[in-house]
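**Q** File final.tsv below, TSV, C-alpha atoms:
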```
chain	number	residue	atom	x	y	z
A	1	MET	CA	-32.50	-9.36	-6.54
A	2	LYS	CA	-35.28	-7.17	-7.90
A	3	SER	CA	-33.28	-4.09	-6.97
A	4	ILE	CA	-30.24	-5.17	-9.01
A	5	PRO	CA	-30.35	-3.70	-12.53
A	6	ARG	CA	-30.75	-6.33	-15.24
A	7	ALA	CA	-27.42	-5.79	-17.05
A	8	PRO	CA	-25.15	-6.07	-13.98
A	9	LEU	CA	-27.15	-9.07	-12.75
A	10	ILE	CA	-26.94	-10.94	-16.07
A	11	LEU	CA	-23.25	-10.11	-16.57
A	12	GLY	CA	-22.46	-11.03	-12.97
A	13	LEU	CA	-24.25	-14.36	-13.29
A	14	ALA	CA	-22.52	-15.03	-16.63
A	15	GLY	CA	-19.21	-14.37	-14.87
A	16	LEU	CA	-19.96	-17.36	-12.64
A	17	ILE	CA	-19.83	-19.81	-15.55
A	18	PRO	CA	-16.11	-20.71	-15.18
A	19	PHE	CA	-16.55	-21.29	-11.44
A	20	ILE	CA	-19.64	-23.45	-11.93
A	21	TRP	CA	-18.09	-25.31	-14.89
A	22	GLY	CA	-15.00	-26.02	-12.80
A	23	ALA	CA	-17.10	-27.39	-9.95
A	24	VAL	CA	-19.25	-29.52	-12.24
A	25	THR	CA	-16.25	-30.96	-14.06
A	26	TYR	CA	-14.66	-31.69	-10.70
A	27	LEU	CA	-17.73	-33.69	-9.70
A	28	ILE	CA	-18.56	-35.41	-13.02
A	29	ASP	CA	-15.57	-37.24	-14.45
A	30	PRO	CA	-17.02	-37.97	-17.93
A	31	LEU	CA	-17.74	-34.26	-18.36
A	32	ALA	CA	-14.21	-33.45	-17.19
A	33	GLN	CA	-12.80	-35.89	-19.73
A	34	TRP	CA	-14.88	-34.32	-22.48
A	35	GLY	CA	-13.73	-30.88	-21.34
A	36	VAL	CA	-10.08	-31.91	-21.47
A	37	GLN	CA	-10.48	-33.23	-25.01
A	38	ALA	CA	-12.62	-30.36	-26.29
A	39	LEU	CA	-11.14	-27.40	-24.40
A	40	GLY	CA	-7.84	-28.51	-22.91
A	41	PRO	CA	-6.83	-29.50	-19.39
A	42	ARG	CA	-6.62	-26.00	-17.98
A	43	PHE	CA	-10.31	-25.42	-18.70
A	44	VAL	CA	-11.72	-28.04	-16.33
A	45	GLY	CA	-11.89	-28.72	-12.60
A	46	PRO	CA	-9.93	-26.60	-10.21
A	47	TYR	CA	-7.58	-25.33	-12.92
A	48	ILE	CA	-10.16	-23.07	-14.55
A	49	GLN	CA	-11.41	-21.94	-11.15
A	50	LEU	CA	-7.96	-21.00	-9.89
A	51	PHE	CA	-6.90	-19.09	-12.97
A	52	TYR	CA	-10.24	-17.35	-13.45
A	53	GLY	CA	-10.52	-16.62	-9.72
A	54	SER	CA	-7.19	-14.79	-9.85
A	55	VAL	CA	-8.38	-12.81	-12.85
A	56	ILE	CA	-11.64	-11.86	-11.13
A	57	LEU	CA	-9.93	-10.75	-7.92
A	58	SER	CA	-7.69	-8.53	-10.04
A	59	PHE	CA	-10.69	-7.21	-11.96
A	60	MET	CA	-12.46	-6.41	-8.71
A	61	SER	CA	-9.43	-4.40	-7.60
A	62	GLY	CA	-10.09	-2.19	-10.60
A	63	VAL	CA	-13.77	-1.89	-9.70
A	64	LEU	CA	-12.89	-0.81	-6.17
A	65	TRP	CA	-10.33	1.67	-7.53
A	66	GLY	CA	-13.13	3.17	-9.60
A	67	PHE	CA	-15.29	3.54	-6.50
A	68	ALA	CA	-12.38	5.26	-4.70
A	69	THR	CA	-12.40	7.96	-7.40
A	70	LYS	CA	-15.81	9.06	-6.10
A	71	THR	CA	-14.29	10.53	-2.96
A	72	SER	CA	-11.29	12.63	-1.98
A	73	GLY	CA	-8.72	13.21	0.70
A	74	THR	CA	-7.95	10.57	3.28
A	75	ARG	CA	-10.94	8.41	2.34
A	76	ALA	CA	-9.78	8.35	-1.31
A	77	ALA	CA	-6.24	7.42	-0.28
A	78	THR	CA	-7.62	4.67	1.93
A	79	GLY	CA	-9.88	3.50	-0.89
A	80	TYR	CA	-7.02	3.37	-3.39
A	81	ALA	CA	-4.82	1.47	-0.93
A	82	LEU	CA	-7.57	-1.04	-0.10
A	83	SER	CA	-8.50	-1.49	-3.75
A	84	VAL	CA	-5.18	-3.09	-4.67
A	85	ILE	CA	-5.42	-5.78	-1.97
A	86	PRO	CA	-7.51	-8.30	-3.98
A	87	ALA	CA	-5.08	-8.21	-6.94
A	88	LEU	CA	-2.05	-8.53	-4.68
A	89	TRP	CA	-3.75	-11.34	-2.77
A	90	ALA	CA	-4.38	-13.22	-6.03
A	91	PHE	CA	-0.79	-12.69	-7.15
A	92	PHE	CA	0.90	-13.80	-3.95
A	93	MET	CA	-1.53	-16.39	-2.57
A	94	THR	CA	-2.50	-18.66	-5.46
A	95	GLY	CA	0.61	-20.84	-5.56
A	96	GLY	CA	1.32	-23.97	-3.59
A	97	GLY	CA	-0.99	-26.42	-5.30
A	98	PRO	CA	-4.69	-26.47	-6.10
A	99	THR	CA	-5.98	-27.05	-2.56
A	100	THR	CA	-3.94	-24.25	-0.99
A	101	ALA	CA	-4.62	-21.91	-3.90
A	102	GLY	CA	-8.34	-22.70	-3.78
A	103	MET	CA	-8.50	-22.07	-0.04
A	104	ASN	CA	-6.63	-18.80	-0.47
A	105	LEU	CA	-9.05	-17.75	-3.21
A	106	ILE	CA	-11.95	-18.49	-0.86
A	107	PHE	CA	-10.32	-16.22	1.74
A	108	GLY	CA	-9.67	-13.65	-0.99
A	109	PHE	CA	-13.30	-13.54	-2.08
A	110	ILE	CA	-14.52	-13.33	1.50
A	111	GLY	CA	-12.04	-10.49	2.11
A	112	LEU	CA	-13.24	-8.82	-1.09
A	113	LEU	CA	-16.79	-8.98	0.26
A	114	ALA	CA	-15.60	-7.16	3.39
A	115	LEU	CA	-14.02	-4.48	1.18
A	116	ASP	CA	-17.26	-4.25	-0.83
A	117	PHE	CA	-19.09	-3.67	2.43
A	118	ALA	CA	-16.67	-0.90	3.45
A	119	PHE	CA	-16.97	0.88	0.10
A	120	SER	CA	-20.75	0.50	0.30
A	121	ALA	CA	-20.84	1.87	3.86
A	122	TRP	CA	-18.86	4.88	2.62
A	123	GLY	CA	-21.57	5.50	0.03
A	124	LEU	CA	-19.26	4.86	-2.94
A	125	THR	CA	-21.20	1.98	-4.53
A	126	PRO	CA	-24.66	1.76	-6.07
A	127	ARG	CA	-27.42	0.86	-3.60
A	128	TRP	CA	-27.84	-2.58	-5.15
A	129	TRP	CA	-24.12	-3.42	-4.96
A	130	MET	CA	-24.14	-5.52	-1.80
A	131	ALA	CA	-27.13	-7.61	-2.94
A	132	LEU	CA	-25.23	-8.48	-6.11
A	133	ARG	CA	-21.92	-9.08	-4.34
A	134	LEU	CA	-23.49	-11.32	-1.68
A	135	LEU	CA	-25.15	-13.44	-4.36
A	136	LEU	CA	-22.05	-13.75	-6.55
A	137	THR	CA	-19.62	-14.30	-3.68
A	138	SER	CA	-21.71	-17.04	-2.11
A	139	ILE	CA	-21.80	-18.97	-5.40
A	140	VAL	CA	-18.07	-18.43	-6.05
A	141	VAL	CA	-17.13	-19.62	-2.55
A	142	ALA	CA	-19.41	-22.67	-2.85
A	143	CYS	CA	-17.87	-23.60	-6.21
A	144	LEU	CA	-14.32	-23.15	-4.94
A	145	ALA	CA	-15.16	-25.18	-1.83
A	146	ILE	CA	-15.99	-28.17	-4.04
A	147	GLY	CA	-12.42	-28.21	-5.30
A	148	VAL	CA	-10.95	-27.63	-1.85
A	149	PHE	CA	-13.04	-29.92	0.35
A	150	LEU	CA	-14.12	-32.80	-1.91
```
Could you render the structure from this file as structure tokens?
**A**
Amino acid sequence: MKSIPRAPLILGLAGLIPFIWGAVTYLIDPLAQWGVQALGPRFVGPYIQLFYGSVILSFMSGVLWGFATKTSGTRAATGYALSVIPALWAFFMTGGGPTTAGMNLIFGFIGLLALDFAFSAWGLTPRWWMALRLLLTSIVVACLAIGVFL
């Protein structure tokens, strides 16, 4: 993590808060009850994770699109086409109840990591990108797994 610049690391870790909060409120009922009263029911448990996870997959589509602009020709076209997959995945695969949606988000984030790897292998990302993405994705998947498997 020493190679990851401070700002992207801090912002990336801050972006985990809704996933972690969702997992914690799934596990600790009194905290979930407080969250429902203080924040509303969609801001606790799997509900915040599912909505925020869809937002983040869509956001990451935009990030990948930006990386695709760094190249040209066939590789750019491939990059643009691949970059829309996470947003489309979130749109089409997050229905069907919280367990199915959570599982599909897990698959979506793992697939996103594969796309991150491809864009990194093509030299379109910063050198520290995969270290950051591995860290963030592992925490996101673990938090989503709490809602899916417990």
**Q** Report as an MDAnalysis selection string all protein, DNA and RNA residues lying within 12 Å of A:Ser120, evaluated on only C-alpha atoms, omitting residues in the same chain fewer than 3 positions from it.
**A** chainID A and resid 64 67:68 70 79 113:117 123:133
**Q** Write out as a list of chain:residue names the residues lying within 9 Å of A:Tyr26, counting all atoms listed in the file and excluding same-chain residues fewer than 3 positions away.
**A**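 Contacts, in chain order: A:Trp21, A:Gly22, A:Ala23, A:Asp29, A:Leu31, A:Ala32, A:Val44, A:Gly45, A:Pro46, A:Ile146, A:Gly147, A:Leu150.
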**Q** Quick check, in Å to one decimal: how far apart do atom CA of A:Gly96 and atom CA of A:Gly15 lie?
**A**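 Between atom CA of A:Gly96 and atom CA of A:Gly15 the gap works out to 25.3 Å.
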**Q** Considering all atoms listed in the file, state which residue in the set A:Ala38, A:Leu11, A:Ala87, A:Leu82 is at the smallest distance from A:Ala118.
**A** A:Leu82
**Q** One decimal, in Å: what's the spacing between atom CA of A:Trp34 and atom CA of A:Ala145?
**A**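 Between atom CA of A:Trp34 and atom CA of A:Ala145 the gap is 22.6 Å.
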**Q** Draw an axis-aligned box over all listed atoms of stretch 57-69 of chain A, pad each side with 5 Å, and write its centre and edge lengths in Å, one decimal, as lines of an AutoDock Vina configuration file.
**A**
```
center_x = -11.5
center_y = -1.4
center_z = -8.3
size_x = 17.6
size_y = 28.7
size_z = 17.3
```
**Q** What gap, in Å, lies between atom CA of A:Leu57 and atom CA of A:Pro86?
**A**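 That distance, rounded to one decimal, is 5.2 Å.
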**Q** Name all residues at most 8 Å from A:Leu13 (count only C-alpha atoms; drop same-chain ones fewer than 4 positions away) and give them as a PyMOL selection string.
**A** chain A and resi 9+17+136
**Q** Which residue is closest to A:Val140? Choose from A:Val36, A:Ile28, A:Ala121, A:Leu50 and count all atoms listed in the file.
**A**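 Of all the options, A:Leu50 lies closest to A:Val140.
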**Q** Applying 10 Å and only C-alpha atoms, which residues near A:Ile48 remain after dropping the ones on its own chain fewer than 5 positions away? List them as a PyMOL selection string.
**A** chain A and resi 18-23+25+41-43+53-54
**Q** Go through A:Leu135, A:Phe109, A:Pro30, A:Asn104 and flag the residue nearest A:Val148, using all atoms listed in the file for the distances.
**A**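 Residue with the minimum atom-to-atom distance to A:Val148: A:Asn104.
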**Q** Excluding A:Phe149 and its own-chain neighbours fewer than 4 positions away, which residues fall within 10 Å of it when counting only C-alpha atoms? Please give them as a CSV table (one decimal) with C-alpha atoms, in the frame of the given file.
**A**
```csv
chain,number,residue,atom,x,y,z
A,99,THR,CA,-6.0,-27.0,-2.6
A,102,GLY,CA,-8.3,-22.7,-3.8
A,103,MET,CA,-8.5,-22.1,0.0
A,144,LEU,CA,-14.3,-23.2,-4.9
A,145,ALA,CA,-15.2,-25.2,-1.8
```
**Q** Measuring atom to atom with only C-alpha atoms, identify which of A:Gly95, A:Gly62, A:Pro5, A:Gly40 is nearest to A:Tyr80.
**A**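 Between A:Gly95, A:Gly62, A:Pro5, A:Gly40, the residue approaching A:Tyr80 most closely is A:Gly62.
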**Q** From the options A:Gln49, A:Ser72, A:Ser58, A:Gln33, which residue's atoms come nearest to A:Trp122, counting all atoms listed in the file?
**A** A:Ser72
**Q** Please rebuild stretch 96-111 of chain A with N, CA, C and O atoms and give the result as a compact mmCIF listing (two decimals), in the coordinates of the input.
**A**
```txt
# COMPACT_ATOMS: atom_id res chain seq x y z
N GLY A 96 1.31 -22.93 -4.61
CA GLY A 96 1.32 -23.97 -3.59
C GLY A 96 0.36 -25.11 -3.81
O GLY A 96 0.01 -25.80 -2.86
N GLY A 97 -0.10 -25.30 -5.01
CA GLY A 97 -0.99 -26.42 -5.30
C GLY A 97 -2.45 -26.02 -5.30
O GLY A 97 -2.82 -24.99 -4.74
N PRO A 98 -3.29 -26.86 -5.91
CA PRO A 98 -4.69 -26.47 -6.10
C PRO A 98 -5.48 -26.34 -4.80
O PRO A 98 -6.34 -25.46 -4.71
N THR A 99 -5.21 -27.15 -3.80
CA THR A 99 -5.98 -27.05 -2.56
C THR A 99 -5.64 -25.76 -1.82
O THR A 99 -6.54 -25.02 -1.40
N THR A 100 -4.36 -25.48 -1.67
CA THR A 100 -3.94 -24.25 -0.99
C THR A 100 -4.40 -23.02 -1.78
O THR A 100 -4.92 -22.07 -1.19
N ALA A 101 -4.21 -23.05 -3.08
CA ALA A 101 -4.62 -21.91 -3.90
C ALA A 101 -6.13 -21.71 -3.83
O ALA A 101 -6.61 -20.58 -3.72
N GLY A 102 -6.88 -22.80 -3.88
CA GLY A 102 -8.34 -22.70 -3.78
C GLY A 102 -8.78 -22.13 -2.45
O GLY A 102 -9.67 -21.28 -2.38
N MET A 103 -8.17 -22.59 -1.37
CA MET A 103 -8.50 -22.07 -0.04
C MET A 103 -8.16 -20.58 0.04
O MET A 103 -8.95 -19.79 0.58
N ASN A 104 -7.01 -20.21 -0.49
CA ASN A 104 -6.63 -18.80 -0.47
C ASN A 104 -7.56 -17.94 -1.33
O ASN A 104 -7.82 -16.78 -0.99
N LEU A 105 -8.06 -18.50 -2.42
CA LEU A 105 -9.05 -17.75 -3.21
C LEU A 105 -10.35 -17.59 -2.43
O LEU A 105 -10.98 -16.52 -2.49
N ILE A 106 -10.76 -18.62 -1.71
CA ILE A 106 -11.95 -18.49 -0.86
C ILE A 106 -11.75 -17.34 0.12
O ILE A 106 -12.61 -16.47 0.26
N PHE A 107 -10.60 -17.32 0.81
CA PHE A 107 -10.32 -16.22 1.74
C PHE A 107 -10.29 -14.88 1.00
O PHE A 107 -10.75 -13.87 1.52
N GLY A 108 -9.73 -14.88 -0.21
CA GLY A 108 -9.67 -13.65 -0.99
C GLY A 108 -11.04 -13.11 -1.34
O GLY A 108 -11.29 -11.91 -1.24
N PHE A 109 -11.96 -13.99 -1.73
CA PHE A 109 -13.30 -13.54 -2.08
C PHE A 109 -14.09 -13.11 -0.85
O PHE A 109 -14.88 -12.16 -0.93
N ILE A 110 -13.87 -13.77 0.27
CA ILE A 110 -14.52 -13.33 1.50
C ILE A 110 -13.96 -11.97 1.93
O ILE A 110 -14.71 -11.08 2.34
N GLY A 111 -12.64 -11.80 1.81
CA GLY A 111 -12.04 -10.49 2.11
C GLY A 111 -12.54 -9.41 1.17
O GLY A 111 -12.79 -8.27 1.58
```
